[in-house]
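**Q** What follows is query39.cif; its format and atoms are mmCIF, N, CA and C atoms.
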```
data_final
#
loop_
_atom_site.label_atom_id
_atom_site.label_comp_id
_atom_site.auth_asym_id
_atom_site.auth_seq_id
_atom_site.Cartn_x
_atom_site.Cartn_y
_atom_site.Cartn_z
N MET U 363 16.28 -10.00 -3.19
CA MET U 363 16.32 -8.58 -2.94
C MET U 363 17.58 -7.99 -3.53
N GLY U 364 17.45 -6.81 -4.09
CA GLY U 364 18.58 -6.16 -4.73
C GLY U 364 19.58 -5.63 -3.73
N MET U 365 20.73 -5.24 -4.27
CA MET U 365 21.81 -4.76 -3.41
C MET U 365 21.40 -3.51 -2.64
N PHE U 366 20.55 -2.66 -3.22
CA PHE U 366 20.16 -1.42 -2.56
C PHE U 366 18.78 -1.50 -1.91
N ASP U 367 18.19 -2.66 -1.95
CA ASP U 367 16.87 -2.86 -1.35
C ASP U 367 17.03 -2.85 0.17
N LYS U 368 16.26 -2.00 0.83
CA LYS U 368 16.36 -1.85 2.28
C LYS U 368 15.26 -2.61 3.02
N THR U 369 14.52 -3.45 2.31
CA THR U 369 13.41 -4.19 2.89
C THR U 369 13.88 -5.54 3.41
N GLU U 370 13.35 -5.91 4.55
CA GLU U 370 13.62 -7.24 5.12
C GLU U 370 12.28 -7.91 5.33
N ALA U 371 12.17 -9.19 4.98
CA ALA U 371 10.91 -9.92 5.12
C ALA U 371 11.16 -11.33 5.63
N GLN U 372 10.19 -11.85 6.38
CA GLN U 372 10.25 -13.24 6.84
C GLN U 372 8.85 -13.84 6.77
N SER U 373 8.81 -15.13 6.53
CA SER U 373 7.57 -15.88 6.52
C SER U 373 7.76 -17.07 7.43
N LEU U 374 6.85 -17.23 8.41
CA LEU U 374 6.99 -18.29 9.40
C LEU U 374 5.68 -19.02 9.59
N LEU U 375 5.77 -20.33 9.78
CA LEU U 375 4.60 -21.15 10.04
C LEU U 375 4.54 -21.45 11.54
N TYR U 376 3.41 -21.09 12.16
CA TYR U 376 3.22 -21.30 13.59
C TYR U 376 2.11 -22.31 13.83
N ASN U 377 2.23 -23.04 14.92
CA ASN U 377 1.19 -23.97 15.35
C ASN U 377 0.23 -23.28 16.32
N TYR U 378 -0.30 -22.16 15.88
CA TYR U 378 -1.30 -21.39 16.62
C TYR U 378 -2.34 -20.91 15.63
N PRO U 379 -3.58 -20.73 16.09
CA PRO U 379 -4.59 -20.15 15.20
C PRO U 379 -4.32 -18.67 14.93
N VAL U 380 -4.92 -18.14 13.88
CA VAL U 380 -4.72 -16.75 13.49
C VAL U 380 -5.02 -15.80 14.65
N ALA U 381 -6.11 -16.01 15.35
CA ALA U 381 -6.52 -15.10 16.43
C ALA U 381 -5.45 -15.02 17.52
N ALA U 382 -4.82 -16.13 17.85
CA ALA U 382 -3.78 -16.13 18.88
C ALA U 382 -2.56 -15.34 18.42
N LEU U 383 -2.12 -15.55 17.18
CA LEU U 383 -0.97 -14.80 16.67
C LEU U 383 -1.29 -13.31 16.57
N PHE U 384 -2.48 -13.00 16.11
CA PHE U 384 -2.89 -11.60 15.98
C PHE U 384 -2.85 -10.90 17.33
N GLN U 385 -3.45 -11.53 18.33
CA GLN U 385 -3.48 -10.96 19.68
C GLN U 385 -2.07 -10.83 20.25
N ALA U 386 -1.25 -11.84 20.07
CA ALA U 386 0.11 -11.81 20.62
C ALA U 386 0.98 -10.76 19.92
N MET U 387 0.84 -10.60 18.61
CA MET U 387 1.63 -9.59 17.89
C MET U 387 1.22 -8.18 18.31
N CYS U 388 -0.08 -7.94 18.42
CA CYS U 388 -0.54 -6.62 18.87
C CYS U 388 -0.02 -6.31 20.27
N ALA U 389 -0.05 -7.29 21.15
CA ALA U 389 0.47 -7.11 22.51
C ALA U 389 1.98 -6.88 22.48
N ALA U 390 2.68 -7.59 21.62
CA ALA U 390 4.14 -7.43 21.52
C ALA U 390 4.49 -6.02 21.10
N VAL U 391 3.75 -5.47 20.16
CA VAL U 391 4.00 -4.10 19.70
C VAL U 391 3.76 -3.12 20.85
N GLN U 392 2.66 -3.30 21.55
CA GLN U 392 2.32 -2.40 22.65
C GLN U 392 3.33 -2.47 23.79
N GLN U 393 3.96 -3.62 23.99
CA GLN U 393 4.89 -3.82 25.10
C GLN U 393 6.35 -3.54 24.73
N THR U 394 6.60 -3.13 23.47
CA THR U 394 7.97 -2.91 23.03
C THR U 394 8.17 -1.43 22.73
N SER U 395 9.13 -0.85 23.38
CA SER U 395 9.40 0.57 23.26
C SER U 395 9.71 0.99 21.83
N GLY U 396 9.09 2.10 21.40
CA GLY U 396 9.35 2.65 20.09
C GLY U 396 8.45 2.15 18.99
N PHE U 397 7.66 1.10 19.25
CA PHE U 397 6.76 0.54 18.25
C PHE U 397 5.32 0.97 18.55
N THR U 398 4.55 1.25 17.49
CA THR U 398 3.15 1.66 17.63
C THR U 398 2.32 0.96 16.58
N VAL U 399 1.17 0.43 16.98
CA VAL U 399 0.23 -0.13 16.01
C VAL U 399 -0.47 1.03 15.32
N GLN U 400 -0.37 1.07 14.00
CA GLN U 400 -1.04 2.10 13.20
C GLN U 400 -2.41 1.63 12.75
N LEU U 401 -2.50 0.33 12.42
CA LEU U 401 -3.75 -0.25 11.95
C LEU U 401 -3.73 -1.73 12.30
N ALA U 402 -4.83 -2.23 12.82
CA ALA U 402 -4.94 -3.66 13.14
C ALA U 402 -6.33 -4.12 12.75
N ASN U 403 -6.41 -5.08 11.84
CA ASN U 403 -7.68 -5.60 11.37
C ASN U 403 -7.73 -7.11 11.61
N PRO U 404 -8.43 -7.54 12.66
CA PRO U 404 -8.47 -8.98 12.96
C PRO U 404 -9.19 -9.80 11.88
N GLN U 405 -10.13 -9.18 11.14
CA GLN U 405 -10.84 -9.91 10.09
C GLN U 405 -9.91 -10.32 8.95
N THR U 406 -8.95 -9.45 8.61
CA THR U 406 -8.02 -9.75 7.52
C THR U 406 -6.68 -10.25 8.04
N GLY U 407 -6.46 -10.20 9.35
CA GLY U 407 -5.20 -10.65 9.93
C GLY U 407 -4.04 -9.74 9.59
N THR U 408 -4.32 -8.45 9.38
CA THR U 408 -3.26 -7.51 9.00
C THR U 408 -2.99 -6.51 10.12
N ILE U 409 -1.71 -6.19 10.27
CA ILE U 409 -1.27 -5.21 11.27
C ILE U 409 -0.23 -4.32 10.61
N GLN U 410 -0.41 -3.00 10.73
CA GLN U 410 0.60 -2.05 10.27
C GLN U 410 1.21 -1.42 11.51
N ILE U 411 2.53 -1.41 11.53
CA ILE U 411 3.28 -0.97 12.71
C ILE U 411 4.26 0.11 12.30
N SER U 412 4.45 1.08 13.17
CA SER U 412 5.44 2.13 12.94
C SER U 412 6.50 2.06 14.03
N LYS U 413 7.74 2.15 13.64
CA LYS U 413 8.88 2.22 14.58
C LYS U 413 9.36 3.65 14.57
N SER U 414 9.52 4.22 15.73
CA SER U 414 9.90 5.63 15.83
C SER U 414 11.33 5.87 15.36
N MET U 415 11.59 7.12 15.06
CA MET U 415 12.91 7.56 14.64
C MET U 415 13.91 7.37 15.78
N SER U 416 15.14 7.04 15.41
CA SER U 416 16.20 6.89 16.41
C SER U 416 17.39 7.73 15.98
N MET U 417 18.47 7.62 16.71
CA MET U 417 19.68 8.36 16.38
C MET U 417 20.26 7.90 15.03
N PHE U 418 19.95 6.68 14.64
CA PHE U 418 20.56 6.11 13.44
C PHE U 418 19.62 5.99 12.24
N THR U 419 18.30 6.09 12.44
CA THR U 419 17.36 5.93 11.34
C THR U 419 16.22 6.94 11.44
N TRP U 420 15.49 7.08 10.38
CA TRP U 420 14.30 7.93 10.34
C TRP U 420 13.06 7.14 10.74
N GLY U 421 13.26 5.91 11.18
CA GLY U 421 12.14 5.06 11.58
C GLY U 421 11.84 4.03 10.51
N GLU U 422 10.98 3.10 10.85
CA GLU U 422 10.64 2.01 9.94
C GLU U 422 9.14 1.74 9.98
N ASN U 423 8.65 1.16 8.90
CA ASN U 423 7.27 0.67 8.81
C ASN U 423 7.33 -0.84 8.73
N LEU U 424 6.47 -1.49 9.50
CA LEU U 424 6.38 -2.95 9.46
C LEU U 424 4.96 -3.33 9.08
N TYR U 425 4.86 -4.40 8.30
CA TYR U 425 3.58 -4.91 7.85
C TYR U 425 3.51 -6.39 8.20
N VAL U 426 2.42 -6.77 8.86
CA VAL U 426 2.23 -8.17 9.26
C VAL U 426 0.95 -8.68 8.61
N GLN U 427 1.04 -9.86 8.04
CA GLN U 427 -0.12 -10.55 7.48
C GLN U 427 -0.14 -11.95 8.08
N ILE U 428 -1.24 -12.32 8.70
CA ILE U 428 -1.38 -13.65 9.30
C ILE U 428 -2.43 -14.40 8.49
N ILE U 429 -2.02 -15.51 7.92
CA ILE U 429 -2.86 -16.27 7.00
C ILE U 429 -3.15 -17.65 7.59
N PRO U 430 -4.42 -18.05 7.68
CA PRO U 430 -4.72 -19.38 8.20
C PRO U 430 -4.25 -20.48 7.25
N VAL U 431 -3.65 -21.51 7.82
CA VAL U 431 -3.26 -22.69 7.07
C VAL U 431 -4.23 -23.82 7.40
N SER U 432 -4.56 -23.91 8.68
CA SER U 432 -5.57 -24.86 9.16
C SER U 432 -6.17 -24.23 10.42
N GLU U 433 -7.00 -24.98 11.12
CA GLU U 433 -7.59 -24.45 12.36
C GLU U 433 -6.54 -24.14 13.41
N THR U 434 -5.45 -24.88 13.39
CA THR U 434 -4.43 -24.74 14.43
C THR U 434 -3.09 -24.24 13.91
N GLN U 435 -2.99 -23.94 12.62
CA GLN U 435 -1.73 -23.44 12.06
C GLN U 435 -1.97 -22.16 11.28
N SER U 436 -0.98 -21.26 11.37
CA SER U 436 -1.05 -19.99 10.66
C SER U 436 0.32 -19.63 10.12
N ASN U 437 0.30 -18.94 8.98
CA ASN U 437 1.53 -18.42 8.39
C ASN U 437 1.59 -16.93 8.70
N LEU U 438 2.68 -16.50 9.32
CA LEU U 438 2.89 -15.10 9.64
C LEU U 438 3.93 -14.55 8.69
N GLN U 439 3.56 -13.53 7.95
CA GLN U 439 4.48 -12.85 7.04
C GLN U 439 4.71 -11.47 7.59
N ILE U 440 5.96 -11.10 7.78
CA ILE U 440 6.30 -9.80 8.33
C ILE U 440 7.37 -9.14 7.45
N THR U 441 7.14 -7.87 7.15
CA THR U 441 8.05 -7.09 6.32
C THR U 441 8.37 -5.80 7.05
N CYS U 442 9.62 -5.38 6.96
CA CYS U 442 10.05 -4.13 7.57
C CYS U 442 10.84 -3.34 6.54
N GLN U 443 10.50 -2.06 6.39
CA GLN U 443 11.24 -1.21 5.49
C GLN U 443 11.44 0.16 6.12
N SER U 444 12.55 0.77 5.79
CA SER U 444 12.88 2.09 6.32
C SER U 444 11.92 3.12 5.77
N LYS U 445 11.58 4.09 6.60
CA LYS U 445 10.69 5.16 6.14
C LYS U 445 11.38 6.02 5.08
N LEU U 446 12.66 6.24 5.24
CA LEU U 446 13.39 7.06 4.28
C LEU U 446 14.09 6.20 3.24
N GLY U 447 14.71 5.12 3.68
CA GLY U 447 15.33 4.18 2.76
C GLY U 447 16.74 4.50 2.34
N THR U 448 17.34 5.53 2.91
CA THR U 448 18.70 5.88 2.50
C THR U 448 19.76 5.51 3.52
N GLU U 449 19.36 4.96 4.65
CA GLU U 449 20.32 4.60 5.68
C GLU U 449 21.18 3.43 5.22
N ILE U 450 22.46 3.51 5.48
CA ILE U 450 23.39 2.46 5.06
C ILE U 450 23.09 1.14 5.75
N ALA U 451 22.77 1.19 7.02
CA ALA U 451 22.55 -0.04 7.80
C ALA U 451 21.07 -0.38 7.91
N ALA U 452 20.26 0.10 6.98
CA ALA U 452 18.80 -0.09 7.09
C ALA U 452 18.40 -1.56 7.11
N ARG U 453 19.01 -2.37 6.27
CA ARG U 453 18.60 -3.77 6.19
C ARG U 453 18.86 -4.51 7.50
N SER U 454 20.01 -4.28 8.12
CA SER U 454 20.28 -4.94 9.40
C SER U 454 19.37 -4.39 10.49
N LYS U 455 19.04 -3.12 10.43
CA LYS U 455 18.12 -2.53 11.40
C LYS U 455 16.72 -3.12 11.22
N ASN U 456 16.31 -3.30 9.97
CA ASN U 456 15.00 -3.89 9.69
C ASN U 456 14.94 -5.33 10.19
N ARG U 457 16.00 -6.08 9.97
CA ARG U 457 16.08 -7.46 10.45
C ARG U 457 15.97 -7.49 11.98
N LYS U 458 16.65 -6.57 12.63
CA LYS U 458 16.63 -6.51 14.10
C LYS U 458 15.22 -6.17 14.60
N ASN U 459 14.54 -5.24 13.94
CA ASN U 459 13.18 -4.88 14.34
C ASN U 459 12.25 -6.09 14.27
N ILE U 460 12.36 -6.84 13.19
CA ILE U 460 11.54 -8.05 13.03
C ILE U 460 11.85 -9.04 14.15
N GLN U 461 13.12 -9.24 14.41
CA GLN U 461 13.53 -10.21 15.44
C GLN U 461 13.02 -9.81 16.81
N VAL U 462 13.10 -8.52 17.14
CA VAL U 462 12.63 -8.03 18.44
C VAL U 462 11.15 -8.33 18.61
N LEU U 463 10.35 -8.03 17.59
CA LEU U 463 8.91 -8.27 17.70
C LEU U 463 8.56 -9.75 17.73
N LEU U 464 9.25 -10.55 16.92
CA LEU U 464 8.97 -11.99 16.93
C LEU U 464 9.33 -12.63 18.26
N GLU U 465 10.44 -12.22 18.85
CA GLU U 465 10.83 -12.76 20.16
C GLU U 465 9.83 -12.35 21.23
N LYS U 466 9.39 -11.09 21.21
CA LYS U 466 8.40 -10.63 22.20
C LYS U 466 7.08 -11.35 22.00
N MET U 467 6.67 -11.53 20.75
CA MET U 467 5.43 -12.24 20.46
C MET U 467 5.52 -13.68 20.97
N GLN U 468 6.67 -14.33 20.78
CA GLN U 468 6.84 -15.71 21.25
C GLN U 468 6.75 -15.79 22.77
N LEU U 469 7.31 -14.81 23.48
CA LEU U 469 7.19 -14.78 24.94
C LEU U 469 5.73 -14.68 25.37
N ILE U 470 4.98 -13.85 24.67
CA ILE U 470 3.56 -13.69 24.99
C ILE U 470 2.80 -14.98 24.69
N LEU U 471 3.09 -15.62 23.57
CA LEU U 471 2.45 -16.90 23.25
C LEU U 471 2.79 -17.95 24.31
N ASN U 472 4.03 -17.97 24.77
CA ASN U 472 4.44 -18.91 25.82
C ASN U 472 3.64 -18.67 27.09
N GLN U 473 3.39 -17.40 27.43
CA GLN U 473 2.60 -17.07 28.61
C GLN U 473 1.14 -17.49 28.42
N MET U 474 0.63 -17.30 27.20
CA MET U 474 -0.78 -17.62 26.91
C MET U 474 -1.02 -19.13 26.89
N TYR U 475 -0.07 -19.88 26.33
CA TYR U 475 -0.29 -21.30 26.08
C TYR U 475 0.61 -22.23 26.90
N GLY U 476 1.54 -21.67 27.65
CA GLY U 476 2.35 -22.49 28.53
C GLY U 476 3.63 -23.03 27.94
N MET U 477 3.56 -23.76 26.87
CA MET U 477 4.78 -24.38 26.36
C MET U 477 5.21 -23.70 25.05
N PRO U 478 6.52 -23.47 24.93
CA PRO U 478 7.02 -22.81 23.72
C PRO U 478 6.94 -23.71 22.49
N GLN U 479 6.52 -23.13 21.40
CA GLN U 479 6.50 -23.81 20.11
C GLN U 479 7.28 -22.95 19.13
N GLN U 480 8.27 -23.50 18.53
CA GLN U 480 9.09 -22.75 17.59
C GLN U 480 8.45 -22.73 16.20
N PRO U 481 8.51 -21.58 15.54
CA PRO U 481 7.94 -21.51 14.19
C PRO U 481 8.83 -22.20 13.18
N TYR U 482 8.27 -22.52 12.05
CA TYR U 482 9.00 -23.06 10.93
C TYR U 482 9.29 -21.92 9.98
N TYR U 483 10.54 -21.69 9.66
CA TYR U 483 10.90 -20.58 8.78
C TYR U 483 10.62 -20.96 7.34
N GLY U 484 9.87 -20.09 6.68
CA GLY U 484 9.50 -20.33 5.30
C GLY U 484 10.25 -19.45 4.33
N GLY U 485 11.16 -18.61 4.83
CA GLY U 485 11.93 -17.77 3.93
C GLY U 485 11.64 -16.32 4.03
#
```
I need this file expressed as structure tokens, please.
**A**
Amino acid sequence: MGMFDKTEAQSLLYNYPVAALFQAMCAAVQQTSGFTVQLANPQTGTIQISKSMSMFTWGENLYVQIIPVSETQSNLQITCQSKLGTEIAARSKNRKNIQVLLEKMQLILNQMYGMPQQPYYGG
């Protein structure tokens, strides 16, 4: 990513099927203040999320793609970018937004399946 690029992205491998990650991410968005699901398509494993404007940013857009690796493993790719893109601290804010949703999603997965499983970071 370039010096002025305000986009933050992560790719993680989870030991959960696509449907479980999809359901948990949608629930995480609904349970986290300031985030709204704009579009959710379980057939394609895609979720578009909007983060509301705050005192420091004009808001952010997040894009989630969940790709099956096997019956029990899925790759979750999440990207966050500022709606305006001119904020100085946009990249750290985008990273924080991703982290907040991933942590909430993991809590929901732990509740659904009982034992925590940590994802493998793919970059």
**Q** Give me the result of the PyMOL selection byres ((chain U and resi 410) around 7) on this file, residue by residue, as a ChimeraX atom specification.
**A** /U:398-403,408-409,411-412,423-426
**Q** Check what the PyMOL selection byres ((chain U and resi 464-475) around 8) selects in the file above and give those residues as a ChimeraX atom specification.
**A** /U:382-383,385-391,393-394,458-463,476-479
**Q** Measuring between only C-alpha atoms, which one of U:Asn437, U:Thr406, U:Ser395, U:Ser444 shows the shortest distance to Thr369 of chain U?
**A**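 Of the candidates, the smallest distance to Thr369 of chain U is held by U:Ser444.
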**Q** When distances are computed from only C-alpha atoms, which of U:Lys455, U:Phe397, U:Gln443, U:Leu375 shows the smallest separation from Ile428 of chain U?
**A** U:Leu375
**Q** Take the PyMOL selection byres ((chain U and resi 440) around 6), run it mentally on this structure, and tell me the resulting residues as a list in words.
**A** Glu370, Ala371, Gln372, Ser373, Tyr425, Val426, Gln427, Leu438, Gln439, Thr441 and Cys442 of chain U
**Q** In segment 379-478 of chain U, what's strand (DSSP E) per DSSP? Answer as an NGL selection string?
**A** :U and (397-403 or 408-413 or 422-430 or 436-444)
**Q** Store the residues picked out above in a file with N, CA and C atoms, as a short mmCIF file (atom, residue, chain, number, x, y, z; two decimals), in the frame of the given file.
**A**
```
data_model
loop_
_atom_site.label_atom_id
_atom_site.label_comp_id
_atom_site.auth_asym_id
_atom_site.auth_seq_id
_atom_site.Cartn_x
_atom_site.Cartn_y
_atom_site.Cartn_z
N PHE U 397 7.66 1.10 19.25
CA PHE U 397 6.76 0.54 18.25
C PHE U 397 5.32 0.97 18.55
N THR U 398 4.55 1.25 17.49
CA THR U 398 3.15 1.66 17.63
C THR U 398 2.32 0.96 16.58
N VAL U 399 1.17 0.43 16.98
CA VAL U 399 0.23 -0.13 16.01
C VAL U 399 -0.47 1.03 15.32
N GLN U 400 -0.37 1.07 14.00
CA GLN U 400 -1.04 2.10 13.20
C GLN U 400 -2.41 1.63 12.75
N LEU U 401 -2.50 0.33 12.42
CA LEU U 401 -3.75 -0.25 11.95
C LEU U 401 -3.73 -1.73 12.30
N ALA U 402 -4.83 -2.23 12.82
CA ALA U 402 -4.94 -3.66 13.14
C ALA U 402 -6.33 -4.12 12.75
N ASN U 403 -6.41 -5.08 11.84
CA ASN U 403 -7.68 -5.60 11.37
C ASN U 403 -7.73 -7.11 11.61
N THR U 408 -4.32 -8.45 9.38
CA THR U 408 -3.26 -7.51 9.00
C THR U 408 -2.99 -6.51 10.12
N ILE U 409 -1.71 -6.19 10.27
CA ILE U 409 -1.27 -5.21 11.27
C ILE U 409 -0.23 -4.32 10.61
N GLN U 410 -0.41 -3.00 10.73
CA GLN U 410 0.60 -2.05 10.27
C GLN U 410 1.21 -1.42 11.51
N ILE U 411 2.53 -1.41 11.53
CA ILE U 411 3.28 -0.97 12.71
C ILE U 411 4.26 0.11 12.30
N SER U 412 4.45 1.08 13.17
CA SER U 412 5.44 2.13 12.94
C SER U 412 6.50 2.06 14.03
N LYS U 413 7.74 2.15 13.64
CA LYS U 413 8.88 2.22 14.58
C LYS U 413 9.36 3.65 14.57
N GLU U 422 10.98 3.10 10.85
CA GLU U 422 10.64 2.01 9.94
C GLU U 422 9.14 1.74 9.98
N ASN U 423 8.65 1.16 8.90
CA ASN U 423 7.27 0.67 8.81
C ASN U 423 7.33 -0.84 8.73
N LEU U 424 6.47 -1.49 9.50
CA LEU U 424 6.38 -2.95 9.46
C LEU U 424 4.96 -3.33 9.08
N TYR U 425 4.86 -4.40 8.30
CA TYR U 425 3.58 -4.91 7.85
C TYR U 425 3.51 -6.39 8.20
N VAL U 426 2.42 -6.77 8.86
CA VAL U 426 2.23 -8.17 9.26
C VAL U 426 0.95 -8.68 8.61
N GLN U 427 1.04 -9.86 8.04
CA GLN U 427 -0.12 -10.55 7.48
C GLN U 427 -0.14 -11.95 8.08
N ILE U 428 -1.24 -12.32 8.70
CA ILE U 428 -1.38 -13.65 9.30
C ILE U 428 -2.43 -14.40 8.49
N ILE U 429 -2.02 -15.51 7.92
CA ILE U 429 -2.86 -16.27 7.00
C ILE U 429 -3.15 -17.65 7.59
N PRO U 430 -4.42 -18.05 7.68
CA PRO U 430 -4.72 -19.38 8.20
C PRO U 430 -4.25 -20.48 7.25
N SER U 436 -0.98 -21.26 11.37
CA SER U 436 -1.05 -19.99 10.66
C SER U 436 0.32 -19.63 10.12
N ASN U 437 0.30 -18.94 8.98
CA ASN U 437 1.53 -18.42 8.39
C ASN U 437 1.59 -16.93 8.70
N LEU U 438 2.68 -16.50 9.32
CA LEU U 438 2.89 -15.10 9.64
C LEU U 438 3.93 -14.55 8.69
N GLN U 439 3.56 -13.53 7.95
CA GLN U 439 4.48 -12.85 7.04
C GLN U 439 4.71 -11.47 7.59
N ILE U 440 5.96 -11.10 7.78
CA ILE U 440 6.30 -9.80 8.33
C ILE U 440 7.37 -9.14 7.45
N THR U 441 7.14 -7.87 7.15
CA THR U 441 8.05 -7.09 6.32
C THR U 441 8.37 -5.80 7.05
N CYS U 442 9.62 -5.38 6.96
CA CYS U 442 10.05 -4.13 7.57
C CYS U 442 10.84 -3.34 6.54
N GLN U 443 10.50 -2.06 6.39
CA GLN U 443 11.24 -1.21 5.49
C GLN U 443 11.44 0.16 6.12
N SER U 444 12.55 0.77 5.79
CA SER U 444 12.88 2.09 6.32
C SER U 444 11.92 3.12 5.77
#
```
**Q** Just give me the gap between atom CA of Thr434 of chain U and atom CA of Leu374 of chain U in Å, one decimal is fine.
**A**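 Atom CA of Leu374 of chain U lies at a distance of 14.0 Å from atom CA of Thr434 of chain U.
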**Q** Return as lines of an AutoDock Vina configuration file the centre and edge lengths, in Å with one decimal, of the box along x, y and z that encloses every atom of segment 388-394 of chain U in the file, padded by 4 Å per side.
**A**
```
center_x = 3.8
center_y = -4.7
center_z = 21.8
size_x = 16.7
size_y = 14.5
size_z = 14.7
```
**Q** Counting all atoms listed in the file, which residues have an atom no more than 8 Å from (-6.8, -24.8, 14.8) in the file's coordinates? Please list them as a PyMOL selection string.
**A** chain U and resi 377-380+431-436
**Q** Can you list, as a ChimeraX atom specification, every protein, DNA or RNA residue that comes within 8 Å of Trp420 of chain U when you count only C-alpha atoms, leaving out same-chain residues fewer than 5 positions away?
**A** /U:414-415,444-446
**Q** Please indicate the distance in Å from atom CA of Pro404 of chain U to atom N of Gln392 of chain U, rounded to one decimal place.
**A**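 Computing the Euclidean distance for atom CA of Pro404 of chain U and atom N of Gln392 of chain U yields 15.2 Å.
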**Q** Would you work out the distance separating atom C of Lys413 of chain U from atom N of Gly396 of chain U, expressed in Å to one decimal?
**A**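 So the two atoms, atom C of Lys413 of chain U and atom N of Gly396 of chain U, lie 7.0 Å apart.
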**Q** As a PDB file with N, CA and C atoms, keeping the file's coordinate frame, please: every residue in segment 407-463 of chain U that a backbone DSSP assignment puts in helix (DSSP H, G or I).
**A**
```pdb
ATOM      1  N   ALA U 452      20.260   0.100   6.980  1.00  0.00           N
ATOM      2  CA  ALA U 452      18.800  -0.090   7.090  1.00  0.00           C
ATOM      3  C   ALA U 452      18.400  -1.560   7.110  1.00  0.00           C
ATOM      4  N   ARG U 453      19.010  -2.370   6.270  1.00  0.00           N
ATOM      5  CA  ARG U 453      18.600  -3.770   6.190  1.00  0.00           C
ATOM      6  C   ARG U 453      18.860  -4.510   7.500  1.00  0.00           C
ATOM      7  N   SER U 454      20.010  -4.280   8.120  1.00  0.00           N
ATOM      8  CA  SER U 454      20.280  -4.940   9.400  1.00  0.00           C
ATOM      9  C   SER U 454      19.370  -4.390  10.490  1.00  0.00           C
ATOM     10  N   LYS U 455      19.040  -3.120  10.430  1.00  0.00           N
ATOM     11  CA  LYS U 455      18.120  -2.530  11.400  1.00  0.00           C
ATOM     12  C   LYS U 455      16.720  -3.120  11.220  1.00  0.00           C
ATOM     13  N   ASN U 456      16.310  -3.300   9.970  1.00  0.00           N
ATOM     14  CA  ASN U 456      15.000  -3.890   9.690  1.00  0.00           C
ATOM     15  C   ASN U 456      14.940  -5.330  10.190  1.00  0.00           C
ATOM     16  N   ARG U 457      16.000  -6.080   9.970  1.00  0.00           N
ATOM     17  CA  ARG U 457      16.080  -7.460  10.450  1.00  0.00           C
ATOM     18  C   ARG U 457      15.970  -7.490  11.980  1.00  0.00           C
ATOM     19  N   LYS U 458      16.650  -6.570  12.630  1.00  0.00           N
ATOM     20  CA  LYS U 458      16.630  -6.510  14.100  1.00  0.00           C
ATOM     21  C   LYS U 458      15.220  -6.170  14.600  1.00  0.00           C
ATOM     22  N   ASN U 459      14.540  -5.240  13.940  1.00  0.00           N
ATOM     23  CA  ASN U 459      13.180  -4.880  14.340  1.00  0.00           C
ATOM     24  C   ASN U 459      12.250  -6.090  14.270  1.00  0.00           C
ATOM     25  N   ILE U 460      12.360  -6.840  13.190  1.00  0.00           N
ATOM     26  CA  ILE U 460      11.540  -8.050  13.030  1.00  0.00           C
ATOM     27  C   ILE U 460      11.850  -9.040  14.150  1.00  0.00           C
ATOM     28  N   GLN U 461      13.120  -9.240  14.410  1.00  0.00           N
ATOM     29  CA  GLN U 461      13.530 -10.210  15.440  1.00  0.00           C
ATOM     30  C   GLN U 461      13.020  -9.810  16.810  1.00  0.00           C
ATOM     31  N   VAL U 462      13.100  -8.520  17.140  1.00  0.00           N
ATOM     32  CA  VAL U 462      12.630  -8.030  18.440  1.00  0.00           C
ATOM     33  C   VAL U 462      11.150  -8.330  18.610  1.00  0.00           C
ATOM     34  N   LEU U 463      10.350  -8.030  17.590  1.00  0.00           N
ATOM     35  CA  LEU U 463       8.910  -8.270  17.700  1.00  0.00           C
ATOM     36  C   LEU U 463       8.560  -9.750  17.730  1.00  0.00           C
TER      37      LEU U 463
END
```
**Q** Under the rule that only C-alpha atoms are counted, which of U:Ala381, U:Lys368, U:Tyr376, U:Asn456 is the nearest residue to Gly407 of chain U?
**A**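 Smallest distance to Gly407 of chain U is found for U:Ala381.
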